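K.L.:
Got a structure here, written out as structure tokens. Questions coming.
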Amino acid sequence: MPKLSIIIPVYNAEKYLEDALESLIHQSEEDFEAIFVNDGSTDSSADIIGRYCDEYVGFYCIDQEHSGISAARNKGLSQAGGDYVMFMDADDIITDVTVENMLAAAEARKTDIITCRVWYYGNTLPRYDERADTLAVLPLMEKYERDLLWSTTLGNKIFKRSALIKNRLSFADIGSYGDLLFLIECFFAGMNGAGVGTAVYEKRYHYDEDGFSKHAEPSLKNAQNMIEIMSRILKMAEDAIMRETDRLDGDEAYIQEVLYRTAVLLIDNFYRFFWLLDAETLKYIKDEFIIVAESFAPERLKKIKEKNADLGLPYIYESKEEAAKEPEMSLLLDVPDKEGIAGFIESLYLQDYPFFELFVKESDFDSGYFPEKWKNAENLRVLPDKNFFENARKDSLSRIAINIRDTKPLDRRVLREVCSSKAPAALKPAIFMKTRKNFSIKKTLKQKGF
């Protein structure tokens, strides 16, 4: 039997699948099996998997009708024979020594779970996950380790298979955020863990270019899934604390961390994508945030406000119409490159800071390049070409007017940095230009390996 079973659910992953497979065949440690669960792919994923399974020993494929990632992982787990199991995504990769070093750590630490570092790359600023780095240096972690609540990547962990079987642990069919639930359930079932800093799981992000994945989009269903999962985690923690202390005050450090994590997910994964939300989703997020905020200890409420100073929390807008009446900045678009308008507009509505108004010329709006889905945006102002800048400044509802003359897509952080800057309003256009340039340069250098 192999030491490790790597389980990879695959659903229409042809674009990145070969990168994942190549990272497996270049591992310095060969004592592992790779179990691919083809979850009803309709692209060429099955053919790609088939080629590798024919060529490499220990590569296997299981086909099933499309049932979702949880069912695919459970199917792979039922067929695994390794002492440890790893759940890898089909669009991610691992460094050449990751398997070797994680298994070595498992032997040395004698724990049920080993967790390593995470490197984010793709259509995001390449960086290491700070929380994963914190966990990767710990010699022992147990259920009340608060940084585990921030460990949203599952692929950087290996699990002792016998412990999963003993505790009858599997993936709940609950959709998005199920990875976190599985991890926390493992620890509250009595499993323990340790870190290893010499292995790296490389997590690919591609939301800007390719759209959100089904499990990452800021939708009502995903928001409800997240709240359901965080509520389960909260209940697990409360029950454990009551069993151990016979008392629950609500201000326990772990309980407050669960509540704070819930609020951060609501804000970062949903509210900051304000213009993508429909009215029902926006109301749900507002209502749930109020419920969580009312349970905060004073220092937690202060922390969430300071972390999101640009948004004016704890207040949350009731509607898009309300937000459109109170923009922090006005963006005046006048560009010669009409073909680039679509990409720029898409990047604008994916900004971390959403409370702006956008002025465009009628000729740009009617050019055929302006994205249809944003033509009815509540914060969009379409003005005649003649005297465009004069009229835009007259109609502006903010104190900050920024002229935009090129259509290079914006890094997601640009408007948030401009809004958070303490510079006077008159200097904000210069801050915008500098920030836009700096983030572009930094991202390019990171991608080149500097």
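We label chains A, B, ... in the order they appear in the structure tokens, count residues from 1 in each chain, and number ligands from 1 in the order shown.
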Need to verify the contact set: region 225-227 of chain A, 12 Å, only C-alpha atoms, exclusion of same-chain residues closer than 4 positions in sequence. Can you return it as a ChimeraX atom specification?

P.N.:
/A:152,172-181,215-221,231-234,258-259,261-266,269-270,284-285,287-289,291-292

K.L.:
Quick one: everything within 12 Å of region 418-429 of chain A, counting only C-alpha atoms, minus sequence neighbours fewer than 4 positions away in the same chain. Send it as an MDAnalysis selection string.

P.N.:
chainID A and resid 306:312 327:332 351:356 398:404 412:414 433:436

K.L.:
Can you write just those residues out, N, CA and C atoms, as an mmCIF file, in the first residue's frame?

P.N.:
data_model
loop_
_atom_site.group_PDB
_atom_site.id
_atom_site.type_symbol
_atom_site.label_atom_id
_atom_site.label_comp_id
_atom_site.auth_asym_id
_atom_site.auth_seq_id
_atom_site.Cartn_x
_atom_site.Cartn_y
_atom_site.Cartn_z
ATOM 1 N N GLU A 306 -12.258 48.818 12.106
ATOM 2 C CA GLU A 306 -10.949 49.335 11.709
ATOM 3 C C GLU A 306 -10.440 48.638 10.456
ATOM 4 N N LYS A 307 -10.665 47.321 10.370
ATOM 5 C CA LYS A 307 -10.200 46.560 9.207
ATOM 6 C C LYS A 307 -10.919 46.999 7.933
ATOM 7 N N ASN A 308 -12.153 47.480 8.070
ATOM 8 C CA ASN A 308 -12.957 47.875 6.919
ATOM 9 C C ASN A 308 -13.366 49.338 7.012
ATOM 10 N N ALA A 309 -12.399 50.163 7.391
ATOM 11 C CA ALA A 309 -12.683 51.583 7.596
ATOM 12 C C ALA A 309 -13.243 52.242 6.342
ATOM 13 N N ASP A 310 -12.857 51.745 5.181
ATOM 14 C CA ASP A 310 -13.333 52.338 3.927
ATOM 15 C C ASP A 310 -14.819 52.104 3.708
ATOM 16 N N LEU A 311 -15.390 51.071 4.320
ATOM 17 C CA LEU A 311 -16.796 50.719 4.083
ATOM 18 C C LEU A 311 -17.762 51.376 5.052
ATOM 19 N N GLY A 312 -17.250 51.931 6.146
ATOM 20 C CA GLY A 312 -18.140 52.571 7.113
ATOM 21 C C GLY A 312 -18.951 51.599 7.944
ATOM 22 N N PRO A 327 -21.666 58.113 -3.383
ATOM 23 C CA PRO A 327 -20.355 57.599 -3.819
ATOM 24 C C PRO A 327 -19.208 58.341 -3.130
ATOM 25 N N GLU A 328 -18.130 57.618 -2.901
ATOM 26 C CA GLU A 328 -16.943 58.227 -2.318
ATOM 27 C C GLU A 328 -16.111 58.933 -3.380
ATOM 28 N N MET A 329 -16.200 58.435 -4.617
ATOM 29 C CA MET A 329 -15.422 59.031 -5.702
ATOM 30 C C MET A 329 -16.170 58.912 -7.021
ATOM 31 N N SER A 330 -15.855 59.808 -7.952
ATOM 32 C CA SER A 330 -16.463 59.821 -9.281
ATOM 33 C C SER A 330 -15.376 59.546 -10.312
ATOM 34 N N LEU A 331 -15.617 58.564 -11.163
ATOM 35 C CA LEU A 331 -14.654 58.188 -12.188
ATOM 36 C C LEU A 331 -15.183 58.635 -13.543
ATOM 37 N N LEU A 332 -14.382 59.416 -14.266
ATOM 38 C CA LEU A 332 -14.785 59.982 -15.546
ATOM 39 C C LEU A 332 -14.004 59.279 -16.649
ATOM 40 N N GLN A 351 -13.790 45.727 -8.040
ATOM 41 C CA GLN A 351 -12.908 46.386 -7.086
ATOM 42 C C GLN A 351 -13.255 46.030 -5.643
ATOM 43 N N ASP A 352 -12.219 45.987 -4.796
ATOM 44 C CA ASP A 352 -12.437 45.748 -3.365
ATOM 45 C C ASP A 352 -13.259 46.855 -2.727
ATOM 46 N N TYR A 353 -13.166 48.054 -3.291
ATOM 47 C CA TYR A 353 -13.991 49.156 -2.800
ATOM 48 C C TYR A 353 -15.040 49.467 -3.866
ATOM 49 N N PRO A 354 -16.334 49.259 -3.560
ATOM 50 C CA PRO A 354 -17.355 49.350 -4.607
ATOM 51 C C PRO A 354 -18.107 50.665 -4.695
ATOM 52 N N PHE A 355 -17.905 51.599 -3.761
ATOM 53 C CA PHE A 355 -18.807 52.743 -3.693
ATOM 54 C C PHE A 355 -18.266 53.942 -4.476
ATOM 55 N N PHE A 356 -18.433 53.855 -5.786
ATOM 56 C CA PHE A 356 -18.020 54.889 -6.725
ATOM 57 C C PHE A 356 -19.167 55.138 -7.698
ATOM 58 N N SER A 398 -19.781 63.222 -5.502
ATOM 59 C CA SER A 398 -18.661 63.082 -4.571
ATOM 60 C C SER A 398 -17.739 64.283 -4.675
ATOM 61 N N ARG A 399 -16.774 64.328 -3.741
ATOM 62 C CA ARG A 399 -15.803 65.418 -3.749
ATOM 63 C C ARG A 399 -14.550 65.060 -4.544
ATOM 64 N N ILE A 400 -14.485 63.817 -5.038
ATOM 65 C CA ILE A 400 -13.283 63.341 -5.715
ATOM 66 C C ILE A 400 -13.631 62.966 -7.155
ATOM 67 N N ALA A 401 -13.049 63.636 -8.118
ATOM 68 C CA ALA A 401 -13.267 63.329 -9.535
ATOM 69 C C ALA A 401 -11.945 62.877 -10.149
ATOM 70 N N ILE A 402 -11.951 61.682 -10.742
ATOM 71 C CA ILE A 402 -10.738 61.095 -11.304
ATOM 72 C C ILE A 402 -10.942 60.821 -12.783
ATOM 73 N N ASN A 403 -10.115 61.434 -13.614
ATOM 74 C CA ASN A 403 -10.178 61.200 -15.060
ATOM 75 C C ASN A 403 -9.434 59.905 -15.400
ATOM 76 N N ILE A 404 -10.033 59.083 -16.236
ATOM 77 C CA ILE A 404 -9.410 57.828 -16.657
ATOM 78 C C ILE A 404 -9.297 57.832 -18.170
ATOM 79 N N ARG A 412 -7.448 44.802 -8.296
ATOM 80 C CA ARG A 412 -8.641 44.904 -7.464
ATOM 81 C C ARG A 412 -8.487 45.860 -6.291
ATOM 82 N N ARG A 413 -7.273 46.145 -5.872
ATOM 83 C CA ARG A 413 -7.060 46.926 -4.655
ATOM 84 C C ARG A 413 -6.969 48.428 -4.880
ATOM 85 N N VAL A 414 -6.991 48.881 -6.127
ATOM 86 C CA VAL A 414 -6.683 50.279 -6.414
ATOM 87 C C VAL A 414 -7.648 51.236 -5.718
ATOM 88 N N MET A 433 -3.465 57.436 -9.719
ATOM 89 C CA MET A 433 -2.509 57.148 -10.778
ATOM 90 C C MET A 433 -1.285 56.416 -10.225
ATOM 91 N N LYS A 434 -0.795 56.873 -9.076
ATOM 92 C CA LYS A 434 0.387 56.253 -8.483
ATOM 93 C C LYS A 434 0.075 54.821 -8.049
ATOM 94 N N THR A 435 -1.060 54.630 -7.398
ATOM 95 C CA THR A 435 -1.425 53.299 -6.915
ATOM 96 C C THR A 435 -1.637 52.339 -8.072
ATOM 97 N N ARG A 436 -2.310 52.817 -9.103
ATOM 98 C CA ARG A 436 -2.550 51.974 -10.283
ATOM 99 C C ARG A 436 -1.234 51.508 -10.890
#

K.L.:
Using only C-alpha atoms, which of A:Asp54, A:Glu33, A:Glu185, A:Glu228 sits nearest Lys143 (chain A)?

P.N.:
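Looking only at the distances to Lys143 (chain A), the closest residue turns out to be A:Glu185.
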
K.L.:
Enter the distance from CA of Arg117 (chain A) to CA of Thr198 (chain A), in Å, rounded to one decimal.

P.N.:
7.7 Å

K.L.:
If we count only C-alpha atoms and set the cut-off at 12 Å, which residues sit around Lys75 (chain A), ignoring sequence neighbours fewer than 2 positions away in its own chain? Please answer as a count of residues only.

P.N.:
27

K.L.:
Taking only C-alpha atoms into account, which of A:Leu164, A:Leu21, A:Val137, A:Met191 comes nearest Asp83 (chain A)?

P.N.:
A:Leu164

K.L.:
Considering only C-alpha atoms, can you say which of A:Gly197, A:Tyr56, A:Gly82, A:Gly50 comes closest to Ile114 (chain A)?

P.N.:
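Checking each of A:Gly197, A:Tyr56, A:Gly82, A:Gly50 against Ile114 (chain A), counting only C-alpha atoms, the winner is A:Gly197.
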